[in-house]
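Worksheet: the structure to be examined is printed underneath.
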Amino acid sequence: MPTLETTVNGLKLPNPFVIASGPPGTNGNVIGKAFDEGWGAVICKTISLDAEKVVNVQPRYARLRARDSNEIIGWENIELISDRSFEVWVDELKAVKKKYPDRILIASVMEEYRKEAWVEIVERCQDLGVDAFELNFSCPHGLPERKMGSAMGEDPEILEEVAGWVHEVATVPVWAKMTPNITHIEYPTRAALRAGCEGVSAINTIRCVLGVDLETLRPEPSVEGFTTPGGYSSRAILPIALRMVMEIATVIRDEFPGRSLSGIGGIETGADAAQFLLLGADTVQVCTGVMKHGYGIVRSMQDDLLAFMKKHGFETLDDFKGRSLQYFTTHADLVHRQAVAKHRIKMDDTQWSGDNFVQQSDDLARG
């Protein structure tokens, strides 16, 4: 029987399904619930040393629905990182590791552009026993004036510098979470890996304006009649996420073998996960899917992925990780391949026409 067990950067996971940083990992209680449901790992909601500057608003979500089924296909949020104090997180992360010592707990952290702040939060979280870090270089909204999130991740030079600070003190694996709000995601990927990060995660949400209410003429989500661009997620971003995962996986394969990739973006089924794995991801992360369907979604995702593996005769995730990368090429090469194929068809038609057809039929009949 196939197995979903995998080891990534020395971390042993029972399956590749990871709770992504966000509301599903907002406190110790729900992190424990995720482990109880069978998630392979959990990344807590992004934490910082000074949560007093983090002030969320209501409402902070807006949804895009399919016209024919009312299904939620797009989801915008203007939610910030955790507004709970670091001291509270200290107690809860410690408690989670005590209760689930063999499960993988990853701390998502974000700080201002100050070395002492990044060093402090990494060292203090390590003392709590977290298994790895994910550096949030990718939140597309909120706190840009503090050079946090995507304001940092959009600048490969700054990203490399900050990731280097972390690498100096980190004793556990470090992943850098990439922003999709950039033309070439390969550039910040290379910067993170050059700095020593063991892996990258991609993608975070896409900066968006979800829509405008045609009755009130106010953009959504409306907070006292106003809004701000937010982060777009859910099923609608899956094709964009797949493209960027393919690009990152190609960089890792060609330039940084051995580094890891955690794929994110619109994943809600085992079939979705299989596509990310085929394009080079080691693990897959889910956030909006959990918010839509609950923590129990991981059970059907595991069943679907195992069924896919059994159908194709794959015993482990490594048997098919990155298998589909070989089928990407340039447009010029596609033109060449199609011209060759058409030429072969034409030659075959000529070979089996008229007198040639009669002569070759006789030859075949004679054996």
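Residues in the structure tokens are numbered from 1 in each chain, the chains being A, B, ... in the order shown, and ligands are numbered from 1 in the order shown.
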### strand (DSSP E) positions in segment 44-293 of chain A, given as a ChimeraX atom specification
/A:61-65,72-77,104-109,132-136,174-177,199-202,206-208,230-233,260-264,283-286
### Query
How would you write, as a VMD selection string, the set of residues in segment 170-300 of chain A that DSSP gives as alpha helix (DSSP H)?
chain A and resid 186 to 194 238 to 255 270 to 278 288 to 293 297 to 300
All residues 10 Å or closer to segment 105-114 of chain A, only C-alpha atoms, same chain fewer than 6 positions away omitted, as a PDB file with N, CA and C atoms, in the first residue's frame:
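Contents of the output file out-v3.pdb:
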ATOM      1  N   VAL A  18      -0.369  20.424   5.426  1.00  0.00           N
ATOM      2  CA  VAL A  18       0.058  21.365   6.450  1.00  0.00           C
ATOM      3  C   VAL A  18      -0.969  22.489   6.591  1.00  0.00           C
ATOM      4  N   ILE A  19      -1.321  22.819   7.821  1.00  0.00           N
ATOM      5  CA  ILE A  19      -2.157  24.001   8.061  1.00  0.00           C
ATOM      6  C   ILE A  19      -1.299  25.228   7.802  1.00  0.00           C
ATOM      7  N   ALA A  20      -1.739  26.066   6.859  1.00  0.00           N
ATOM      8  CA  ALA A  20      -0.985  27.271   6.536  1.00  0.00           C
ATOM      9  C   ALA A  20      -1.207  28.340   7.594  1.00  0.00           C
ATOM     10  N   SER A  21      -0.248  29.244   7.696  1.00  0.00           N
ATOM     11  CA  SER A  21      -0.362  30.328   8.658  1.00  0.00           C
ATOM     12  C   SER A  21      -1.592  31.180   8.353  1.00  0.00           C
ATOM     13  N   GLY A  22      -2.412  31.391   9.363  1.00  0.00           N
ATOM     14  CA  GLY A  22      -3.638  32.160   9.191  1.00  0.00           C
ATOM     15  C   GLY A  22      -4.634  31.808  10.274  1.00  0.00           C
ATOM     16  N   ILE A  31      -4.770  24.741  17.046  1.00  0.00           N
ATOM     17  CA  ILE A  31      -3.598  23.984  16.579  1.00  0.00           C
ATOM     18  C   ILE A  31      -3.701  22.539  17.058  1.00  0.00           C
ATOM     19  N   PHE A  35      -4.034  18.913  14.872  1.00  0.00           N
ATOM     20  CA  PHE A  35      -3.258  17.691  15.084  1.00  0.00           C
ATOM     21  C   PHE A  35      -4.179  16.507  15.343  1.00  0.00           C
ATOM     22  N   GLY A  40      -0.553  16.879   8.919  1.00  0.00           N
ATOM     23  CA  GLY A  40       0.845  16.497   9.009  1.00  0.00           C
ATOM     24  C   GLY A  40       1.695  17.480   9.778  1.00  0.00           C
ATOM     25  N   ALA A  41       1.352  18.758   9.718  1.00  0.00           N
ATOM     26  CA  ALA A  41       2.065  19.805  10.445  1.00  0.00           C
ATOM     27  C   ALA A  41       1.152  21.014  10.541  1.00  0.00           C
ATOM     28  N   VAL A  42       1.483  21.909  11.449  1.00  0.00           N
ATOM     29  CA  VAL A  42       0.710  23.149  11.607  1.00  0.00           C
ATOM     30  C   VAL A  42       1.676  24.321  11.684  1.00  0.00           C
ATOM     31  N   ILE A  43       1.357  25.366  10.916  1.00  0.00           N
ATOM     32  CA  ILE A  43       2.087  26.624  11.006  1.00  0.00           C
ATOM     33  C   ILE A  43       1.171  27.622  11.711  1.00  0.00           C
ATOM     34  N   CYS A  44       1.627  28.150  12.817  1.00  0.00           N
ATOM     35  CA  CYS A  44       0.773  29.051  13.589  1.00  0.00           C
ATOM     36  C   CYS A  44       0.573  30.367  12.844  1.00  0.00           C
ATOM     37  N   LYS A  45      -0.457  31.088  13.208  1.00  0.00           N
ATOM     38  CA  LYS A  45      -0.682  32.423  12.664  1.00  0.00           C
ATOM     39  C   LYS A  45       0.549  33.271  12.963  1.00  0.00           C
ATOM     40  N   THR A  46       0.918  34.129  12.028  1.00  0.00           N
ATOM     41  CA  THR A  46       2.166  34.887  12.145  1.00  0.00           C
ATOM     42  C   THR A  46       2.207  35.723  13.424  1.00  0.00           C
ATOM     43  N   ILE A  47       3.310  35.588  14.145  1.00  0.00           N
ATOM     44  CA  ILE A  47       3.472  36.301  15.406  1.00  0.00           C
ATOM     45  C   ILE A  47       4.637  37.290  15.304  1.00  0.00           C
ATOM     46  N   SER A  48       4.572  38.309  16.166  1.00  0.00           N
ATOM     47  CA  SER A  48       5.626  39.316  16.247  1.00  0.00           C
ATOM     48  C   SER A  48       5.859  39.645  17.710  1.00  0.00           C
ATOM     49  N   LEU A  49       6.915  40.366  17.980  1.00  0.00           N
ATOM     50  CA  LEU A  49       7.249  40.691  19.372  1.00  0.00           C
ATOM     51  C   LEU A  49       6.313  41.722  19.972  1.00  0.00           C
ATOM     52  N   ASP A  50       5.845  42.667  19.150  1.00  0.00           N
ATOM     53  CA  ASP A  50       4.990  43.749  19.646  1.00  0.00           C
ATOM     54  C   ASP A  50       3.651  43.701  18.938  1.00  0.00           C
ATOM     55  N   ILE A  81      -1.576  40.109  10.878  1.00  0.00           N
ATOM     56  CA  ILE A  81      -0.954  39.018  11.619  1.00  0.00           C
ATOM     57  C   ILE A  81      -1.576  38.953  13.012  1.00  0.00           C
ATOM     58  N   SER A  82      -1.142  38.025  13.832  1.00  0.00           N
ATOM     59  CA  SER A  82      -1.760  37.814  15.141  1.00  0.00           C
ATOM     60  C   SER A  82      -1.711  39.085  15.996  1.00  0.00           C
ATOM     61  N   LEU A  93       2.451  27.970  22.636  1.00  0.00           N
ATOM     62  CA  LEU A  93       3.351  27.129  21.848  1.00  0.00           C
ATOM     63  C   LEU A  93       4.033  26.083  22.728  1.00  0.00           C
ATOM     64  N   VAL A  96       1.453  23.379  23.431  1.00  0.00           N
ATOM     65  CA  VAL A  96       1.206  22.522  22.273  1.00  0.00           C
ATOM     66  C   VAL A  96       2.326  21.489  22.124  1.00  0.00           C
ATOM     67  N   LYS A  97       3.568  21.930  22.247  1.00  0.00           N
ATOM     68  CA  LYS A  97       4.684  20.992  22.107  1.00  0.00           C
ATOM     69  C   LYS A  97       4.709  19.965  23.241  1.00  0.00           C
ATOM     70  N   GLU A 120      15.915  38.170  18.082  1.00  0.00           N
ATOM     71  CA  GLU A 120      15.235  37.913  19.352  1.00  0.00           C
ATOM     72  C   GLU A 120      14.060  36.962  19.175  1.00  0.00           C
ATOM     73  N   ILE A 121      13.215  37.203  18.176  1.00  0.00           N
ATOM     74  CA  ILE A 121      12.017  36.366  18.047  1.00  0.00           C
ATOM     75  C   ILE A 121      12.392  34.935  17.661  1.00  0.00           C
ATOM     76  N   VAL A 122      13.431  34.771  16.853  1.00  0.00           N
ATOM     77  CA  VAL A 122      13.856  33.428  16.476  1.00  0.00           C
ATOM     78  C   VAL A 122      14.437  32.690  17.677  1.00  0.00           C
ATOM     79  N   CYS A 125      11.602  31.820  20.228  1.00  0.00           N
ATOM     80  CA  CYS A 125      10.718  30.747  19.754  1.00  0.00           C
ATOM     81  C   CYS A 125      11.430  29.399  19.752  1.00  0.00           C
ATOM     82  N   GLN A 126      12.712  29.407  19.414  1.00  0.00           N
ATOM     83  CA  GLN A 126      13.477  28.161  19.451  1.00  0.00           C
ATOM     84  C   GLN A 126      13.512  27.574  20.851  1.00  0.00           C
ATOM     85  N   GLY A 129      10.766  25.195  21.703  1.00  0.00           N
ATOM     86  CA  GLY A 129      10.744  23.861  21.110  1.00  0.00           C
ATOM     87  C   GLY A 129      10.078  23.751  19.761  1.00  0.00           C
ATOM     88  N   VAL A 130       9.833  24.889  19.069  1.00  0.00           N
ATOM     89  CA  VAL A 130       9.226  24.782  17.742  1.00  0.00           C
ATOM     90  C   VAL A 130      10.161  24.003  16.827  1.00  0.00           C
ATOM     91  N   ASP A 131       9.575  23.325  15.850  1.00  0.00           N
ATOM     92  CA  ASP A 131      10.345  22.429  14.989  1.00  0.00           C
ATOM     93  C   ASP A 131      10.949  23.127  13.780  1.00  0.00           C
ATOM     94  N   ALA A 132      10.400  24.264  13.394  1.00  0.00           N
ATOM     95  CA  ALA A 132      10.894  24.984  12.222  1.00  0.00           C
ATOM     96  C   ALA A 132      10.312  26.390  12.235  1.00  0.00           C
ATOM     97  N   PHE A 133      10.798  27.213  11.325  1.00  0.00           N
ATOM     98  CA  PHE A 133      10.281  28.574  11.150  1.00  0.00           C
ATOM     99  C   PHE A 133       9.801  28.772   9.724  1.00  0.00           C
ATOM    100  N   GLU A 134       8.788  29.615   9.583  1.00  0.00           N
ATOM    101  CA  GLU A 134       8.414  30.141   8.280  1.00  0.00           C
ATOM    102  C   GLU A 134       8.466  31.658   8.403  1.00  0.00           C
ATOM    103  N   LEU A 135       9.305  32.283   7.596  1.00  0.00           N
ATOM    104  CA  LEU A 135       9.486  33.734   7.643  1.00  0.00           C
ATOM    105  C   LEU A 135       8.454  34.380   6.721  1.00  0.00           C
ATOM    106  N   ASN A 136       7.592  35.202   7.298  1.00  0.00           N
ATOM    107  CA  ASN A 136       6.527  35.826   6.523  1.00  0.00           C
ATOM    108  C   ASN A 136       7.075  37.059   5.808  1.00  0.00           C
ATOM    109  N   PHE A 137       7.484  36.842   4.557  1.00  0.00           N
ATOM    110  CA  PHE A 137       7.954  37.922   3.699  1.00  0.00           C
ATOM    111  C   PHE A 137       6.876  38.269   2.672  1.00  0.00           C
ATOM    112  N   SER A 138       5.618  37.991   2.968  1.00  0.00           N
ATOM    113  CA  SER A 138       4.661  37.965   1.867  1.00  0.00           C
ATOM    114  C   SER A 138       3.263  38.492   2.156  1.00  0.00           C
ATOM    115  N   CYS A 139       2.929  38.888   3.375  1.00  0.00           N
ATOM    116  CA  CYS A 139       1.591  39.426   3.634  1.00  0.00           C
ATOM    117  C   CYS A 139       1.389  40.660   2.762  1.00  0.00           C
ATOM    118  N   LEU A 143       0.676  47.074   7.634  1.00  0.00           N
ATOM    119  CA  LEU A 143       2.018  47.289   8.184  1.00  0.00           C
ATOM    120  C   LEU A 143       3.115  47.541   7.144  1.00  0.00           C
ATOM    121  N   PRO A 144       2.794  48.041   5.935  1.00  0.00           N
ATOM    122  CA  PRO A 144       3.871  48.307   4.972  1.00  0.00           C
ATOM    123  C   PRO A 144       4.775  49.436   5.428  1.00  0.00           C
ATOM    124  N   GLU A 145       4.212  50.344   6.236  1.00  0.00           N
ATOM    125  CA  GLU A 145       5.024  51.455   6.732  1.00  0.00           C
ATOM    126  C   GLU A 145       6.124  50.977   7.666  1.00  0.00           C
ATOM    127  N   ARG A 146       5.996  49.731   8.151  1.00  0.00           N
ATOM    128  CA  ARG A 146       7.036  49.165   9.010  1.00  0.00           C
ATOM    129  C   ARG A 146       7.943  48.211   8.221  1.00  0.00           C
ATOM    130  N   LYS A 147       7.821  48.252   6.880  1.00  0.00           N
ATOM    131  CA  LYS A 147       8.619  47.389   6.000  1.00  0.00           C
ATOM    132  C   LYS A 147       8.444  45.916   6.341  1.00  0.00           C
ATOM    133  N   MET A 148       7.205  45.527   6.642  1.00  0.00           N
ATOM    134  CA  MET A 148       6.926  44.145   7.008  1.00  0.00           C
ATOM    135  C   MET A 148       6.177  43.448   5.879  1.00  0.00           C
ATOM    136  N   GLY A 149       6.213  42.125   5.889  1.00  0.00           N
ATOM    137  CA  GLY A 149       5.478  41.343   4.908  1.00  0.00           C
ATOM    138  C   GLY A 149       6.023  41.504   3.503  1.00  0.00           C
ATOM    139  N   MET A 152       8.856  43.711   2.334  1.00  0.00           N
ATOM    140  CA  MET A 152      10.199  43.161   2.466  1.00  0.00           C
ATOM    141  C   MET A 152      10.443  42.086   1.408  1.00  0.00           C
ATOM    142  N   ILE A 158      16.796  42.999   0.355  1.00  0.00           N
ATOM    143  CA  ILE A 158      16.415  43.071   1.769  1.00  0.00           C
ATOM    144  C   ILE A 158      16.064  41.692   2.290  1.00  0.00           C
ATOM    145  N   LEU A 159      15.319  40.925   1.494  1.00  0.00           N
ATOM    146  CA  LEU A 159      14.923  39.570   1.897  1.00  0.00           C
ATOM    147  C   LEU A 159      16.162  38.730   2.209  1.00  0.00           C
ATOM    148  N   GLU A 161      19.112  39.724   3.078  1.00  0.00           N
ATOM    149  CA  GLU A 161      19.775  40.222   4.276  1.00  0.00           C
ATOM    150  C   GLU A 161      19.074  39.719   5.532  1.00  0.00           C
ATOM    151  N   VAL A 162      17.750  39.841   5.570  1.00  0.00           N
ATOM    152  CA  VAL A 162      16.987  39.433   6.754  1.00  0.00           C
ATOM    153  C   VAL A 162      17.063  37.917   6.945  1.00  0.00           C
ATOM    154  N   TRP A 165      20.180  37.076   8.613  1.00  0.00           N
ATOM    155  CA  TRP A 165      20.160  37.299  10.062  1.00  0.00           C
ATOM    156  C   TRP A 165      19.586  36.082  10.778  1.00  0.00           C
ATOM    157  N   VAL A 172      17.013  25.253  13.712  1.00  0.00           N
ATOM    158  CA  VAL A 172      16.005  24.374  13.119  1.00  0.00           C
ATOM    159  C   VAL A 172      15.773  24.854  11.682  1.00  0.00           C
ATOM    160  N   PRO A 173      15.124  24.030  10.848  1.00  0.00           N
ATOM    161  CA  PRO A 173      14.897  24.436   9.452  1.00  0.00           C
ATOM    162  C   PRO A 173      14.117  25.741   9.332  1.00  0.00           C
ATOM    163  N   VAL A 174      14.433  26.507   8.298  1.00  0.00           N
ATOM    164  CA  VAL A 174      13.787  27.794   8.046  1.00  0.00           C
ATOM    165  C   VAL A 174      13.247  27.809   6.622  1.00  0.00           C
ATOM    166  N   TRP A 175      11.956  28.142   6.489  1.00  0.00           N
ATOM    167  CA  TRP A 175      11.329  28.342   5.182  1.00  0.00           C
ATOM    168  C   TRP A 175      11.016  29.824   5.017  1.00  0.00           C
ATOM    169  N   ALA A 176      11.157  30.331   3.826  1.00  0.00           N
ATOM    170  CA  ALA A 176      10.781  31.711   3.519  1.00  0.00           C
ATOM    171  C   ALA A 176       9.503  31.681   2.691  1.00  0.00           C
ATOM    172  N   LYS A 177       8.498  32.413   3.131  1.00  0.00           N
ATOM    173  CA  LYS A 177       7.219  32.415   2.423  1.00  0.00           C
ATOM    174  C   LYS A 177       7.218  33.517   1.371  1.00  0.00           C
TER     175      LYS A 177
END
### Message
Which residue is closest to Gly296 of chain A? Choose from A:Thr183, A:Thr269, A:Thr216, A:Thr7 and count only C-alpha atoms.
### Response
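Among A:Thr183, A:Thr269, A:Thr216, A:Thr7, it is A:Thr269 that comes nearest to Gly296 of chain A.
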### Message
Need to verify the contact set: Tyr295 of chain A, 7 Å, only C-alpha atoms, exclusion of same-chain residues closer than 3 positions in sequence. Can you return it as a list in words?
### Response
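Final neighbour list, sorted by chain and number: Ala34, Glu37, Val290 and Val298 of chain A.
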### Query
atom CA of Ile297 of chain A to atom CA of Arg63 of chain A: how many Å, to one decimal?
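Between atom CA of Ile297 of chain A and atom CA of Arg63 of chain A the gap is 20.0 Å.
Rounded to one decimal, atom CA of Pro140 of chain A and atom CA of Thr205 of chain A lie 6.9 Å from each other.
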